[in-house]
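Data file: model_12.txt. Format and content: compact mmCIF, C-alpha atoms.
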```
# COMPACT_ATOMS: atom_id res chain seq x y z
CA MET Z 271 22.05 75.98 -205.35
CA SER Z 272 24.43 75.43 -202.44
CA THR Z 273 24.55 72.13 -200.60
CA VAL Z 274 23.63 72.07 -196.91
CA LEU Z 275 26.49 70.55 -194.93
CA ALA Z 276 24.34 69.47 -191.99
CA HIS Z 277 21.24 70.38 -190.00
CA LEU Z 278 21.90 72.00 -186.63
CA LEU Z 279 19.66 72.80 -183.68
CA LEU Z 280 20.84 75.79 -181.64
CA VAL Z 281 19.30 75.81 -178.16
CA ASP Z 282 19.85 79.07 -176.28
CA ASP Z 283 17.61 81.74 -174.74
CA GLU Z 284 20.12 84.57 -175.20
CA GLN Z 285 18.90 86.64 -178.12
CA GLN Z 286 22.35 88.07 -178.77
CA ILE Z 287 23.78 84.57 -179.16
CA LEU Z 288 21.00 83.61 -181.55
CA ARG Z 289 21.39 86.82 -183.60
CA VAL Z 290 25.12 86.24 -184.02
CA LEU Z 291 25.36 82.48 -184.39
CA LYS Z 292 22.43 81.68 -186.65
CA PRO Z 293 23.63 83.79 -189.63
CA ALA Z 294 27.26 82.79 -189.00
CA LEU Z 295 26.39 79.08 -189.08
CA ALA Z 296 24.17 79.57 -192.11
CA ALA Z 297 27.00 81.38 -193.90
CA ALA Z 298 29.23 78.37 -193.20
CA GLY Z 299 26.76 76.13 -195.05
CA TYR Z 300 24.58 74.77 -192.25
CA ALA Z 301 20.82 74.72 -191.97
CA VAL Z 302 20.02 76.11 -188.51
CA ALA Z 303 16.90 75.74 -186.41
CA THR Z 304 16.62 77.43 -183.03
CA ALA Z 305 14.91 76.72 -179.71
CA GLU Z 306 14.89 78.89 -176.60
CA THR Z 307 13.80 76.26 -174.06
CA GLY Z 308 14.51 72.63 -173.32
CA HIS Z 309 10.96 71.63 -174.11
CA GLU Z 310 11.10 73.36 -177.50
CA ALA Z 311 14.35 71.54 -178.25
CA MET Z 312 12.98 68.11 -177.43
CA SER Z 313 9.77 68.79 -179.34
CA TYR Z 314 11.79 69.76 -182.40
CA LEU Z 315 14.07 66.71 -182.17
CA ALA Z 316 11.08 64.39 -181.86
CA GLY Z 317 9.82 65.45 -185.26
CA GLU Z 318 12.81 66.66 -187.29
CA ALA Z 319 16.12 65.20 -188.41
CA CYS Z 320 19.12 66.89 -186.81
CA ASP Z 321 22.85 66.24 -187.16
CA VAL Z 322 24.20 68.24 -184.20
CA VAL Z 323 22.59 69.91 -181.18
CA ILE Z 324 24.31 73.02 -179.80
CA LEU Z 325 22.99 73.35 -176.27
CA ASP Z 326 23.36 76.06 -173.65
CA LEU Z 327 23.16 74.63 -170.14
CA GLY Z 328 21.37 77.67 -168.72
CA LEU Z 329 17.83 77.40 -170.08
CA PRO Z 330 14.77 79.15 -168.58
CA ASP Z 331 12.52 76.10 -168.20
CA MET Z 332 14.85 73.25 -167.25
CA ASP Z 333 18.48 72.40 -166.60
CA GLY Z 334 20.46 71.72 -169.76
CA LYS Z 335 21.82 68.54 -168.19
CA GLU Z 336 18.27 67.20 -167.96
CA VAL Z 337 17.82 67.95 -171.66
CA ILE Z 338 20.95 65.89 -172.42
CA SER Z 339 19.75 63.01 -170.28
CA ARG Z 340 16.32 62.96 -171.88
CA ILE Z 341 17.68 63.20 -175.42
CA ARG Z 342 20.03 60.30 -174.73
CA GLU Z 343 17.08 58.10 -173.81
CA TRP Z 344 16.24 57.81 -177.50
CA SER Z 345 18.78 59.63 -179.66
CA GLU Z 346 22.51 59.45 -180.40
CA THR Z 347 22.58 62.87 -182.07
CA PRO Z 348 25.87 64.62 -181.15
CA ILE Z 349 25.39 67.28 -178.46
CA LEU Z 350 27.81 70.21 -178.21
CA VAL Z 351 27.43 72.04 -174.89
CA LEU Z 352 27.93 75.77 -174.41
CA SER Z 353 29.03 76.58 -170.87
CA ALA Z 354 30.42 79.35 -168.70
CA ARG Z 355 34.09 79.14 -167.76
CA ASP Z 356 33.44 79.01 -164.00
CA LEU Z 357 31.16 75.97 -164.20
CA GLU Z 358 33.74 73.23 -164.69
CA HIS Z 359 31.72 70.72 -162.66
CA GLU Z 360 28.72 71.41 -164.88
CA LYS Z 361 30.74 70.57 -167.99
CA ILE Z 362 31.93 67.31 -166.47
CA ALA Z 363 28.39 66.35 -165.45
CA ALA Z 364 27.10 67.16 -168.95
CA LEU Z 365 29.77 64.99 -170.58
CA ASP Z 366 29.07 62.13 -168.19
CA LEU Z 367 25.38 62.32 -169.09
CA GLY Z 368 26.11 61.94 -172.80
CA ALA Z 369 27.20 65.27 -174.27
CA ASP Z 370 29.88 64.87 -176.92
CA ASP Z 371 31.88 68.04 -176.42
CA PHE Z 372 31.81 71.50 -174.87
CA ILE Z 373 32.89 75.02 -175.70
CA ASN Z 374 33.44 77.76 -173.15
CA LYS Z 375 31.63 81.08 -173.30
CA PRO Z 376 32.74 83.49 -174.62
CA PHE Z 377 34.03 81.79 -177.76
CA ALA Z 378 35.06 82.53 -181.32
CA VAL Z 379 32.82 81.40 -184.16
CA GLY Z 380 35.80 79.68 -185.77
CA GLU Z 381 36.27 77.47 -182.71
CA LEU Z 382 32.58 76.57 -182.70
CA LEU Z 383 32.73 75.62 -186.39
CA ALA Z 384 35.76 73.40 -185.71
CA ARG Z 385 33.92 71.66 -182.85
CA ILE Z 386 30.87 71.13 -185.09
CA ARG Z 387 33.05 69.51 -187.76
CA ALA Z 388 34.59 67.26 -185.08
CA ALA Z 389 31.12 66.30 -183.83
CA LEU Z 390 30.03 65.39 -187.35
CA ARG Z 391 33.13 63.25 -187.85
CA GLY Z 392 32.46 61.57 -184.51
CA ARG Z 393 28.89 60.86 -185.62
CA GLU Z 394 30.17 59.21 -188.80
CA ARG Z 395 32.56 57.03 -186.79
CA ARG Z 396 29.85 56.15 -184.29
CA PHE Z 397 27.57 54.77 -186.97
CA SER Z 398 30.30 53.18 -189.08
CA THR Z 399 31.76 49.71 -188.90
CA HIS Z 400 35.37 50.84 -189.25
CA ALA Z 401 37.73 48.95 -186.97
CA VAL Z 402 40.58 51.45 -187.23
CA PHE Z 403 41.13 54.88 -185.70
CA LYS Z 404 43.86 57.18 -187.04
CA SER Z 405 45.40 60.29 -185.57
CA GLY Z 406 48.29 61.50 -187.68
CA ASP Z 407 50.87 58.69 -187.75
CA LEU Z 408 49.11 56.83 -184.94
CA GLU Z 409 46.80 53.95 -185.86
CA VAL Z 410 44.65 51.89 -183.50
CA ASN Z 411 43.22 48.66 -184.91
CA PHE Z 412 40.39 47.52 -182.62
CA ALA Z 413 40.00 44.17 -184.34
CA THR Z 414 43.61 43.09 -183.84
CA ARG Z 415 44.30 45.23 -180.75
CA ARG Z 416 47.40 46.46 -182.60
CA VAL Z 417 48.73 49.99 -182.24
CA THR Z 418 51.25 51.41 -184.71
CA LEU Z 419 53.12 54.70 -184.96
CA GLN Z 420 54.65 55.59 -188.33
CA GLY Z 421 54.08 51.97 -189.31
CA TYR Z 422 55.96 50.51 -186.33
CA GLU Z 423 54.16 48.56 -183.64
CA VAL Z 424 53.82 50.24 -180.24
CA ARG Z 425 53.99 47.89 -177.27
CA LEU Z 426 51.38 48.89 -174.69
CA THR Z 427 50.40 47.42 -171.37
CA PRO Z 428 46.77 46.20 -171.14
CA ARG Z 429 45.73 49.33 -169.24
CA GLU Z 430 47.55 51.64 -171.63
CA TYR Z 431 45.73 49.99 -174.51
CA ASP Z 432 42.36 50.21 -172.73
CA LEU Z 433 42.95 53.90 -172.13
CA LEU Z 434 43.90 54.54 -175.75
CA LYS Z 435 40.96 52.49 -176.99
CA ALA Z 436 38.53 54.45 -174.84
CA LEU Z 437 39.87 57.74 -176.19
CA ALA Z 438 39.86 56.47 -179.79
CA ARG Z 439 36.27 55.28 -179.51
CA TYR Z 440 35.24 58.87 -178.83
CA GLY Z 441 36.88 59.93 -182.09
CA GLY Z 442 38.32 63.29 -181.06
CA ARG Z 443 35.69 64.16 -178.46
CA VAL Z 444 36.58 64.89 -174.86
CA VAL Z 445 36.46 61.96 -172.42
CA THR Z 446 36.12 62.70 -168.70
CA HIS Z 447 38.27 61.23 -165.94
CA ARG Z 448 35.24 59.31 -164.71
CA GLN Z 449 34.58 57.80 -168.13
CA LEU Z 450 38.22 56.76 -168.49
CA ILE Z 451 38.28 55.19 -165.03
CA ALA Z 452 35.18 53.15 -165.94
CA ALA Z 453 36.75 52.04 -169.24
CA VAL Z 454 40.13 51.06 -167.78
CA TRP Z 455 39.40 49.90 -164.22
CA GLY Z 456 35.68 49.10 -164.46
CA PRO Z 457 32.48 51.06 -163.74
CA ALA Z 458 32.50 50.22 -160.03
CA ALA Z 459 36.16 51.08 -159.44
CA GLN Z 460 37.00 53.67 -156.79
CA VAL Z 461 40.09 55.06 -158.48
CA ASP Z 462 41.51 58.55 -158.07
CA ALA Z 463 41.92 60.70 -161.19
CA GLN Z 464 45.66 60.84 -160.45
CA PHE Z 465 45.93 57.24 -161.66
CA VAL Z 466 44.53 58.37 -165.02
CA ARG Z 467 47.10 61.18 -165.20
CA VAL Z 468 49.92 58.74 -164.54
CA LEU Z 469 48.62 56.35 -167.21
CA VAL Z 470 48.28 59.22 -169.68
CA ALA Z 471 51.87 60.24 -169.01
CA GLN Z 472 53.05 56.67 -169.64
CA LEU Z 473 51.07 56.49 -172.88
CA ARG Z 474 52.43 59.82 -174.10
CA GLN Z 475 55.98 58.52 -173.66
CA LYS Z 476 55.14 55.87 -176.26
CA ILE Z 477 52.99 57.75 -178.82
CA GLU Z 478 54.17 61.38 -178.70
CA GLU Z 479 57.31 62.73 -180.33
CA GLU Z 480 57.53 65.31 -177.52
CA PRO Z 481 55.57 63.98 -174.52
CA SER Z 482 55.87 67.34 -172.74
CA ALA Z 483 54.22 69.08 -175.70
CA PRO Z 484 51.68 66.51 -176.93
CA LEU Z 485 50.03 66.81 -180.31
CA ILE Z 486 47.96 63.60 -180.26
CA LEU Z 487 46.74 63.04 -176.69
CA LEU Z 488 45.50 66.42 -175.48
CA THR Z 489 44.49 67.54 -171.99
CA GLU Z 490 41.22 69.33 -171.26
CA PRO Z 491 42.23 70.90 -167.91
CA GLY Z 492 40.12 69.73 -165.00
CA VAL Z 493 37.86 67.67 -167.24
CA GLY Z 494 39.68 64.88 -169.06
CA TYR Z 495 41.43 64.14 -172.36
CA ARG Z 496 40.86 63.83 -176.08
CA LEU Z 497 42.70 62.45 -179.10
CA THR Z 498 43.33 64.80 -181.98
CA PRO Z 499 41.35 63.65 -185.05
CA GLU Z 500 43.38 62.51 -188.05
CA ASP Z 501 42.95 65.64 -190.17
CA GLU Z 502 43.86 68.03 -187.35
CA VAL Z 503 47.26 66.61 -186.40
```

Take the structure from the file and write it as structure tokens.
Amino acid sequence: MSTVLAHLLLVDDEQQILRVLKPALAAAGYAVATAETGHEAMSYLAGEACDVVILDLGLPDMDGKEVISRIREWSETPILVLSARDLEHEKIAALDLGADDFINKPFAVGELLARIRAALRGRERRFSTHAVFKSGDLEVNFATRRVTLQGYEVRLTPREYDLLKALARYGGRVVTHRQLIAAVWGPAAQVDAQFVRVLVAQLRQKIEEEPSAPLILLTEPGVGYRLTPEDEV
């Protein structure tokens, strides 16, 4: 008897998506439940254990962002958003409300599986007491505020460290410009996203072998940044 890797809830009203994804996810070792509306999704989550929610923003009964907001009132279950390419502002809003990641439609099943694995790793980090984040040869020790690369200490300014810490805390998930501004300058700060880009560039000079072709600190165009998880570097 095969072991179930995790329990997923797929929330989408497109029958073609459900017909394709449910067997593909099941074949990859996941137990998959489906819901076609936001209300069905929340009803399911209220009574069943779930490891990752895969949520389409365009639902027939309510906005997917409202579903995220309401789930986050009582649950920390990772939420992976499915979104159309031309709705960049929707993706940012979803992430700010508590979604963990997003994937653009159309997408390959392999990419979705990789994002699910990342979400599950992020969930493990979120509920663990580990004080260290690793990404390849980069190590961030939250307890000592020490950052090392290939075993050598990296000297960061306070803001560079706060930026890196904010990204590391998300464990490979995308972090929006707004979230990074709040983490580095404070939640009430009126700071332009360009300041984040400059700080990212400074940080890359210190942690990337080739800052112009980063492998650790990745850009999600128009949205924000993410750190590459340890086993994907």

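A straight line drawn from atom CA of Val337 of chain Z to atom CA of Met312 of chain Z is 7.5 Å long.
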
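Closest approach to Phe372 of chain Z from the set Z:Glu480, Z:Asp326, Z:Glu346, Z:Asp333 is made by Z:Asp326, with distances taken over all atoms listed in the file.
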
For Leu473 of chain Z, list every protein, DNA or RNA residue within 9 Å, evaluated using all atoms listed in the file, and leave out those in the same chain fewer than 4 positions away; present the list as a PyMOL selection string.
-> chain Z and resi 426+430-431+433-434+468-469+477-478+481+487

List the neighbours of Arg342 of chain Z out to 10 Å using only C-alpha atoms; skip same-chain residues closer than 5 positions along the sequence, and give me the result as an MDAnalysis selection string.
-> chainID Z and resid 336:337 347:349 367:369

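Proximity to Leu408 of chain Z was assessed for Z:Glu284, Z:Glu360, Z:Glu479, Z:Asp432 counting only C-alpha atoms; the smallest distance is recorded for Z:Glu479.
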
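The interatomic distance for the pair atom CA of Thr273 of chain Z and atom CA of Arg439 of chain Z works out to 29.4 Å.
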
Rank nothing, just name the residue among Z:Ile386, Z:Ala452, Z:Ala438, Z:Thr427 nearest to Gly299 of chain Z, using all atoms listed in the file.
-> Z:Ile386

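Between atom CA of Arg391 of chain Z and atom CA of Asp370 of chain Z lies a distance of 11.5 Å.
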
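Distance check against Asp366 of chain Z using only C-alpha atoms: of Z:Gln449, Z:Arg385, Z:Gln286, Z:Leu327, the minimum falls on Z:Gln449.
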
What would the list of residues within 9 Å of (34.7, 70.3, -166.0) (file frame) look like as a VMD selection string, if all atoms listed in the file are what count?
-> chain Z and resid 357 to 365 446 490 to 494

Around the point (18.5, 76.8, -171.2) in the file's coordinates, collect all residues with an atom within 8 Å, using only C-alpha atoms, and return them as a PDB file with C-alpha atoms, in the frame of the given file.
```pdb
ATOM      1  CA  VAL Z 281      19.300  75.810-178.160  1.00  0.00           C
ATOM      2  CA  ASP Z 282      19.850  79.070-176.280  1.00  0.00           C
ATOM      3  CA  ASP Z 283      17.610  81.740-174.740  1.00  0.00           C
ATOM      4  CA  GLU Z 306      14.890  78.890-176.600  1.00  0.00           C
ATOM      5  CA  THR Z 307      13.800  76.260-174.060  1.00  0.00           C
ATOM      6  CA  GLY Z 308      14.510  72.630-173.320  1.00  0.00           C
ATOM      7  CA  LEU Z 325      22.990  73.350-176.270  1.00  0.00           C
ATOM      8  CA  ASP Z 326      23.360  76.060-173.650  1.00  0.00           C
ATOM      9  CA  LEU Z 327      23.160  74.630-170.140  1.00  0.00           C
ATOM     10  CA  GLY Z 328      21.370  77.670-168.720  1.00  0.00           C
ATOM     11  CA  LEU Z 329      17.830  77.400-170.080  1.00  0.00           C
ATOM     12  CA  PRO Z 330      14.770  79.150-168.580  1.00  0.00           C
ATOM     13  CA  ASP Z 331      12.520  76.100-168.200  1.00  0.00           C
ATOM     14  CA  MET Z 332      14.850  73.250-167.250  1.00  0.00           C
ATOM     15  CA  ASP Z 333      18.480  72.400-166.600  1.00  0.00           C
ATOM     16  CA  GLY Z 334      20.460  71.720-169.760  1.00  0.00           C
TER      17      GLY Z 334
END
```

Pick from Z:Thr489, Z:Ser345, Z:Ser339, Z:Thr418, whichever lies nearest to Ala319 of chain Z using all atoms listed in the file = Z:Ser345
